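Visitor: What follows is structure_7.txt, made up of compact mmCIF, N, CA and C atoms:
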```
# COMPACT_ATOMS: atom_id res chain seq x y z
N MET A 226 4.55 20.48 -1.61
CA MET A 226 5.18 19.53 -0.72
C MET A 226 4.38 18.23 -0.67
N ALA A 227 3.06 18.32 -0.75
CA ALA A 227 2.24 17.12 -0.74
C ALA A 227 2.50 16.26 -1.97
N ALA A 228 2.85 16.91 -3.08
CA ALA A 228 3.11 16.18 -4.31
C ALA A 228 4.36 15.31 -4.17
N VAL A 229 5.38 15.82 -3.52
CA VAL A 229 6.62 15.05 -3.33
C VAL A 229 6.36 13.87 -2.40
N LYS A 230 5.61 14.10 -1.36
CA LYS A 230 5.28 13.02 -0.41
C LYS A 230 4.46 11.94 -1.11
N THR A 231 3.51 12.35 -1.92
CA THR A 231 2.70 11.38 -2.66
C THR A 231 3.55 10.62 -3.67
N LEU A 232 4.45 11.32 -4.35
CA LEU A 232 5.34 10.67 -5.31
C LEU A 232 6.20 9.62 -4.62
N ARG A 233 6.77 9.97 -3.50
CA ARG A 233 7.60 9.00 -2.77
C ARG A 233 6.78 7.80 -2.31
N GLY A 234 5.59 8.05 -1.81
CA GLY A 234 4.73 6.95 -1.37
C GLY A 234 4.32 6.05 -2.53
N LEU A 235 4.01 6.67 -3.66
CA LEU A 235 3.60 5.91 -4.84
C LEU A 235 4.76 5.05 -5.35
N LEU A 236 5.96 5.61 -5.40
CA LEU A 236 7.12 4.84 -5.83
C LEU A 236 7.45 3.72 -4.84
N ALA A 237 7.24 3.97 -3.56
CA ALA A 237 7.47 2.92 -2.56
C ALA A 237 6.49 1.77 -2.74
N GLU A 238 5.24 2.08 -3.04
CA GLU A 238 4.25 1.03 -3.29
C GLU A 238 4.57 0.26 -4.57
N LEU A 239 5.02 0.97 -5.59
CA LEU A 239 5.43 0.29 -6.82
C LEU A 239 6.62 -0.64 -6.56
N ARG A 240 7.55 -0.17 -5.72
CA ARG A 240 8.70 -1.00 -5.36
C ARG A 240 8.25 -2.24 -4.60
N ALA A 241 7.30 -2.08 -3.70
CA ALA A 241 6.80 -3.22 -2.93
C ALA A 241 6.04 -4.20 -3.82
N ALA A 242 5.39 -3.70 -4.86
CA ALA A 242 4.64 -4.56 -5.77
C ALA A 242 5.53 -5.24 -6.80
N SER A 243 6.72 -4.74 -6.97
CA SER A 243 7.65 -5.30 -7.95
C SER A 243 8.18 -6.64 -7.45
N PRO A 244 8.27 -7.64 -8.33
CA PRO A 244 8.73 -8.96 -7.88
C PRO A 244 10.17 -8.97 -7.37
N ASN A 245 11.03 -8.14 -7.94
CA ASN A 245 12.42 -8.12 -7.49
C ASN A 245 12.75 -6.90 -6.64
N GLY A 246 11.77 -6.02 -6.39
CA GLY A 246 11.98 -4.86 -5.54
C GLY A 246 12.71 -3.71 -6.22
N CYS A 247 12.90 -3.81 -7.52
CA CYS A 247 13.62 -2.77 -8.26
C CYS A 247 12.67 -2.14 -9.28
N ILE A 248 12.59 -0.82 -9.27
CA ILE A 248 11.69 -0.14 -10.21
C ILE A 248 12.46 0.70 -11.22
N LYS A 249 13.77 0.48 -11.30
CA LYS A 249 14.59 1.27 -12.21
C LYS A 249 14.14 1.11 -13.66
N ASP A 250 13.77 -0.09 -14.06
CA ASP A 250 13.35 -0.35 -15.44
C ASP A 250 11.84 -0.51 -15.57
N SER A 251 11.11 -0.10 -14.56
CA SER A 251 9.66 -0.27 -14.55
C SER A 251 8.97 0.79 -15.42
N LEU A 252 8.10 0.32 -16.29
CA LEU A 252 7.34 1.25 -17.14
C LEU A 252 6.40 2.10 -16.30
N ALA A 253 5.82 1.51 -15.27
CA ALA A 253 4.90 2.25 -14.41
C ALA A 253 5.62 3.40 -13.69
N ALA A 254 6.80 3.12 -13.19
CA ALA A 254 7.57 4.16 -12.49
C ALA A 254 7.97 5.28 -13.45
N ARG A 255 8.38 4.90 -14.64
CA ARG A 255 8.72 5.92 -15.64
C ARG A 255 7.52 6.80 -15.97
N TYR A 256 6.36 6.16 -16.13
CA TYR A 256 5.15 6.91 -16.45
C TYR A 256 4.81 7.89 -15.33
N VAL A 257 4.88 7.42 -14.09
CA VAL A 257 4.57 8.28 -12.94
C VAL A 257 5.52 9.48 -12.90
N LEU A 258 6.81 9.24 -13.07
CA LEU A 258 7.78 10.33 -13.05
C LEU A 258 7.56 11.31 -14.21
N THR A 259 7.22 10.78 -15.38
CA THR A 259 6.94 11.65 -16.53
C THR A 259 5.73 12.54 -16.25
N GLN A 260 4.69 11.97 -15.66
CA GLN A 260 3.50 12.75 -15.35
C GLN A 260 3.78 13.80 -14.30
N TYR A 261 4.60 13.47 -13.31
CA TYR A 261 4.94 14.46 -12.28
C TYR A 261 5.73 15.62 -12.88
N LYS A 262 6.64 15.30 -13.80
CA LYS A 262 7.41 16.37 -14.45
C LYS A 262 6.51 17.21 -15.34
N LYS A 263 5.56 16.57 -15.98
CA LYS A 263 4.65 17.28 -16.89
C LYS A 263 3.79 18.30 -16.15
N PHE A 264 3.32 17.94 -14.96
CA PHE A 264 2.42 18.82 -14.21
C PHE A 264 3.13 19.61 -13.12
N GLN A 265 4.44 19.70 -13.19
CA GLN A 265 5.19 20.48 -12.22
C GLN A 265 4.95 21.97 -12.46
N THR A 266 4.62 22.71 -11.41
CA THR A 266 4.34 24.14 -11.53
C THR A 266 5.12 24.90 -10.46
N THR A 267 5.15 26.19 -10.60
CA THR A 267 5.77 27.03 -9.59
C THR A 267 4.68 27.57 -8.67
N ASP A 268 5.06 28.30 -7.65
CA ASP A 268 4.09 28.84 -6.70
C ASP A 268 3.19 29.89 -7.34
N GLU A 269 3.67 30.56 -8.37
CA GLU A 269 2.89 31.63 -8.99
C GLU A 269 1.86 31.11 -9.99
N GLN A 270 1.97 29.86 -10.38
CA GLN A 270 1.06 29.31 -11.38
C GLN A 270 -0.13 28.64 -10.70
N LEU A 271 -1.26 28.72 -11.35
CA LEU A 271 -2.45 28.00 -10.90
C LEU A 271 -2.76 26.94 -11.94
N CYS A 272 -2.80 25.71 -11.53
CA CYS A 272 -2.96 24.64 -12.50
C CYS A 272 -3.95 23.62 -11.94
N LYS A 273 -5.14 23.59 -12.52
CA LYS A 273 -6.14 22.62 -12.08
C LYS A 273 -5.72 21.21 -12.46
N ALA A 274 -5.03 21.08 -13.58
CA ALA A 274 -4.59 19.74 -14.00
C ALA A 274 -3.62 19.14 -12.99
N ARG A 275 -2.80 19.99 -12.37
CA ARG A 275 -1.86 19.48 -11.36
C ARG A 275 -2.63 18.94 -10.16
N ASP A 276 -3.66 19.67 -9.73
CA ASP A 276 -4.47 19.19 -8.61
C ASP A 276 -5.15 17.87 -8.95
N GLU A 277 -5.63 17.77 -10.18
CA GLU A 277 -6.26 16.52 -10.61
C GLU A 277 -5.24 15.39 -10.67
N ALA A 278 -4.04 15.69 -11.16
CA ALA A 278 -2.99 14.68 -11.23
C ALA A 278 -2.57 14.24 -9.83
N LEU A 279 -2.48 15.17 -8.89
CA LEU A 279 -2.14 14.84 -7.51
C LEU A 279 -3.21 13.95 -6.89
N SER A 280 -4.46 14.29 -7.12
CA SER A 280 -5.56 13.48 -6.61
C SER A 280 -5.53 12.08 -7.20
N LEU A 281 -5.26 11.98 -8.49
CA LEU A 281 -5.16 10.68 -9.14
C LEU A 281 -4.00 9.87 -8.58
N ALA A 282 -2.87 10.52 -8.35
CA ALA A 282 -1.71 9.84 -7.78
C ALA A 282 -2.00 9.32 -6.37
N GLN A 283 -2.70 10.13 -5.57
CA GLN A 283 -3.06 9.68 -4.23
C GLN A 283 -4.02 8.50 -4.29
N THR A 284 -4.92 8.51 -5.26
CA THR A 284 -5.85 7.40 -5.44
C THR A 284 -5.09 6.13 -5.81
N TYR A 285 -4.14 6.22 -6.73
CA TYR A 285 -3.33 5.06 -7.11
C TYR A 285 -2.51 4.55 -5.93
N GLN A 286 -1.96 5.46 -5.15
CA GLN A 286 -1.18 5.05 -3.99
C GLN A 286 -2.05 4.29 -2.99
N THR A 287 -3.24 4.80 -2.74
CA THR A 287 -4.16 4.12 -1.83
C THR A 287 -4.55 2.75 -2.38
N TYR A 288 -4.79 2.68 -3.68
CA TYR A 288 -5.15 1.42 -4.31
C TYR A 288 -4.02 0.39 -4.17
N LEU A 289 -2.80 0.79 -4.46
CA LEU A 289 -1.67 -0.14 -4.36
C LEU A 289 -1.42 -0.59 -2.94
N SER A 290 -1.51 0.33 -1.98
CA SER A 290 -1.29 -0.07 -0.58
C SER A 290 -2.42 -0.98 -0.09
N SER A 291 -3.63 -0.74 -0.55
CA SER A 291 -4.76 -1.59 -0.15
C SER A 291 -4.60 -3.00 -0.71
N ILE A 292 -4.15 -3.11 -1.95
CA ILE A 292 -3.92 -4.44 -2.54
C ILE A 292 -2.83 -5.17 -1.78
N ARG A 293 -1.75 -4.47 -1.44
CA ARG A 293 -0.65 -5.09 -0.70
C ARG A 293 -1.12 -5.58 0.66
N LYS A 294 -1.87 -4.75 1.37
CA LYS A 294 -2.36 -5.14 2.70
C LYS A 294 -3.36 -6.31 2.59
N TYR A 295 -4.21 -6.28 1.57
CA TYR A 295 -5.16 -7.37 1.37
C TYR A 295 -4.42 -8.68 1.15
N ASN A 296 -3.39 -8.67 0.31
CA ASN A 296 -2.64 -9.89 0.03
C ASN A 296 -1.93 -10.41 1.28
N GLU A 297 -1.41 -9.50 2.10
CA GLU A 297 -0.78 -9.93 3.35
C GLU A 297 -1.80 -10.62 4.27
N LEU A 298 -2.97 -10.00 4.41
CA LEU A 298 -4.00 -10.58 5.26
C LEU A 298 -4.51 -11.91 4.70
N TYR A 299 -4.64 -11.97 3.40
CA TYR A 299 -5.12 -13.19 2.75
C TYR A 299 -4.15 -14.34 2.99
N LYS A 300 -2.86 -14.06 2.84
CA LYS A 300 -1.85 -15.11 3.07
C LYS A 300 -1.85 -15.57 4.53
N GLU A 301 -2.07 -14.63 5.43
CA GLU A 301 -2.00 -14.97 6.86
C GLU A 301 -3.20 -15.77 7.34
N PHE A 302 -4.39 -15.44 6.85
CA PHE A 302 -5.59 -16.01 7.45
C PHE A 302 -6.34 -17.01 6.58
N HIS A 303 -5.99 -17.18 5.33
CA HIS A 303 -6.81 -18.01 4.46
C HIS A 303 -6.20 -19.39 4.23
N GLY A 304 -7.05 -20.36 4.23
CA GLY A 304 -6.74 -21.67 3.70
C GLY A 304 -5.78 -22.55 4.46
N ARG A 305 -5.73 -22.46 5.77
CA ARG A 305 -4.88 -23.38 6.51
C ARG A 305 -5.70 -24.48 7.17
N GLY A 306 -6.92 -24.63 6.74
CA GLY A 306 -7.75 -25.69 7.30
C GLY A 306 -8.29 -25.33 8.67
N GLU A 307 -8.67 -26.36 9.40
CA GLU A 307 -9.23 -26.16 10.74
C GLU A 307 -8.15 -25.73 11.72
N ARG A 308 -8.53 -24.82 12.58
CA ARG A 308 -7.62 -24.38 13.64
C ARG A 308 -8.21 -24.78 14.98
N SER A 309 -7.34 -24.96 15.94
CA SER A 309 -7.81 -25.26 17.28
C SER A 309 -8.36 -23.99 17.92
N VAL A 310 -9.06 -24.16 19.02
CA VAL A 310 -9.61 -23.01 19.73
C VAL A 310 -8.48 -22.11 20.22
N ARG A 311 -7.41 -22.70 20.69
CA ARG A 311 -6.27 -21.92 21.18
C ARG A 311 -5.64 -21.12 20.04
N GLU A 312 -5.44 -21.74 18.87
CA GLU A 312 -4.85 -21.02 17.73
C GLU A 312 -5.74 -19.86 17.29
N THR A 313 -7.03 -20.08 17.28
CA THR A 313 -7.96 -19.02 16.89
C THR A 313 -7.94 -17.89 17.90
N ALA A 314 -7.94 -18.22 19.18
CA ALA A 314 -7.89 -17.19 20.23
C ALA A 314 -6.59 -16.40 20.15
N ASP A 315 -5.48 -17.08 19.92
CA ASP A 315 -4.19 -16.39 19.79
C ASP A 315 -4.18 -15.49 18.55
N MET A 316 -4.82 -15.93 17.49
CA MET A 316 -4.82 -15.17 16.25
C MET A 316 -5.56 -13.84 16.41
N VAL A 317 -6.65 -13.84 17.17
CA VAL A 317 -7.43 -12.61 17.33
C VAL A 317 -7.09 -11.85 18.60
N GLY A 318 -6.17 -12.39 19.41
CA GLY A 318 -5.69 -11.65 20.57
C GLY A 318 -6.43 -11.91 21.86
N PHE A 319 -7.19 -12.99 21.91
CA PHE A 319 -7.88 -13.35 23.15
C PHE A 319 -7.03 -14.29 23.97
N LYS A 320 -7.28 -14.26 25.28
CA LYS A 320 -6.63 -15.22 26.16
C LYS A 320 -7.68 -16.19 26.67
N LEU A 321 -7.39 -17.46 26.57
CA LEU A 321 -8.33 -18.46 27.03
C LEU A 321 -8.20 -18.64 28.55
N PRO A 322 -9.31 -18.88 29.20
CA PRO A 322 -9.21 -19.18 30.64
C PRO A 322 -8.54 -20.54 30.82
N HIS A 323 -7.77 -20.68 31.85
CA HIS A 323 -7.14 -21.96 32.09
C HIS A 323 -7.55 -22.48 33.44
N ASP A 324 -7.74 -23.78 33.48
CA ASP A 324 -8.19 -24.43 34.71
C ASP A 324 -6.98 -24.79 35.56
N PRO A 325 -7.03 -24.34 36.82
CA PRO A 325 -5.93 -24.78 37.71
C PRO A 325 -6.15 -26.24 38.07
N LYS A 326 -5.16 -27.03 37.84
CA LYS A 326 -5.29 -28.48 38.12
C LYS A 326 -4.50 -28.82 39.36
N ASP A 327 -5.12 -28.54 40.49
CA ASP A 327 -4.47 -28.80 41.78
C ASP A 327 -5.06 -30.02 42.41
```
Once you've parsed the file, please lay out its structure as structure tokens.
Guide:
Amino acid sequence: MAAVKTLRGLLAELRAASPNGCIKDSLAARYVLTQYKKFQTTDEQLCKARDEALSLAQTYQTYLSSIRKYNELYKEFHGRGERSVRETADMVGFKLPHDPKD
């Protein structure tokens, strides 16, 4: 069951990394599916290669999701020049004290 969950997560990350969001013709998606079919076993079989393939797939999934999250953070926080104190406080979730002008 973990293999199916990992496969779905890996394909979702490949879809997110695809420029048009479609992985139907993607070589990477085909390769992943071929490898999953190759190492598919039944409950009665013991296959160390399957465990290794599952571990490798989980590593790739983590790598792809980390790259996606890094790019999102990079776009959000990098290179907009100087920010005001209020913009910086809002960005990190702080509230600035305000002076009552009575």
Visitor: Go ahead and fit an axis-aligned box to every listed atom of segment 307-317 of chain A plus 6 Å each side, and pass me the centre and edge lengths in Å, one decimal, as lines of an AutoDock Vina configuration file.
Guide:
```
center_x = -6.9
center_y = -19.1
center_z = 15.3
size_x = 17.4
size_y = 26.5
size_z = 23.8
```
Visitor: How far is it from atom N of Gln286 of chain A to atom N of Ile248 of chain A, in Å with one decimal?
Guide: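 Taking atom N of Gln286 of chain A and atom N of Ile248 of chain A, their separation equals 16.4 Å.
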Visitor: Please measure the separation of atom C of Ala254 of chain A and atom CA of Leu239 of chain A, giving the value in Å to one decimal.
Guide: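 Atom-to-atom, atom C of Ala254 of chain A and atom CA of Leu239 of chain A are spaced 8.7 Å apart.
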Visitor: From the set A:Leu232, A:Ala241, A:Cys247, A:Ala227, which residue has the shortest atom-to-atom contact distance to Gln260 of chain A, counting only C-alpha atoms?
Guide: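 Looking only at the distances to Gln260 of chain A, the closest residue turns out to be A:Leu232.
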Visitor: Kindly provide, as a list in words, the polymer residues lying within 8 Å of (-1.1, 17.5, -5.3), counting only C-alpha atoms and using the coordinates exactly as they appear in the file.
Guide: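 Protein and nucleic acid residues near the point are Ala227, Ala228, Thr231, Arg275, Asp276, Glu277, Ala278, Leu279 and Ser280 of chain A.
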Visitor: Running DSSP on the backbone, which parts of chain A land in helix (DSSP H, G or I), as a PyMOL selection string?
Guide: chain A and resi 227-242+252-263+273-302+310-317
Visitor: Given the choices A:Leu252, A:Met316, A:Val257, A:Pro322, which gets closest to Leu298 of chain A if the distance is worked out from only C-alpha atoms?
Guide: A:Met316
Visitor: What's the separation between atom CA of Tyr288 of chain A and atom C of Gly234 of chain A, in Å to one decimal place?
Guide: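 We find that atom CA of Tyr288 of chain A and atom C of Gly234 of chain A lie 10.7 Å from each other.
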Visitor: Restricting the calculation to only C-alpha atoms, which member of A:Ala253, A:Val310, A:Leu321, A:Phe302 is positioned closest to Leu235 of chain A?
Guide: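 With only C-alpha atoms as the atom set, the closest residue is A:Ala253.
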